[in-house]
Amino acid sequence: MMNQLAERMRVAALSMSPEHLIDKFLDWLDELRGAMALAEIDGLVRNEARTKVLFD
């Protein structure tokens with residue numbers, strides 16, 4: 001995920017103004033934060049399912 005963000009920034013840096021690049025970077029950070037949150041939620045759901053199986 002971080003490698004993808006770095007690659008997208010590298011490509012964008014070649015064609016964007018610094019102001020636009022900063023705006024895109026902040027957008028990408030929001031995307032990354034959202035993806036990390038979804039992965040965390042998914043992990044919690046899996047752990048909950050495992051716990052339920054073990055104790056049922």
# chains A, B, ... in the order shown; residues from 1 in each chain; ligands from 1
>>> closest_atom_pairs(of="segment 1-36 of chain A", to="segment 40-56 of chain A", cutoff="12 Å", atoms="only C-alpha atoms", output="JSON lines")
{"residue": "A:Arg33", "atom": "CA", "partner": "A:Glu40", "partner_atom": "CA", "distance": 10.5}
{"residue": "A:Gly34", "atom": "CA", "partner": "A:Glu40", "partner_atom": "CA", "distance": 9.8}
{"residue": "A:Ala35", "atom": "CA", "partner": "A:Glu40", "partner_atom": "CA", "distance": 8.6}
{"residue": "A:Met36", "atom": "CA", "partner": "A:Glu40", "partner_atom": "CA", "distance": 6.2}
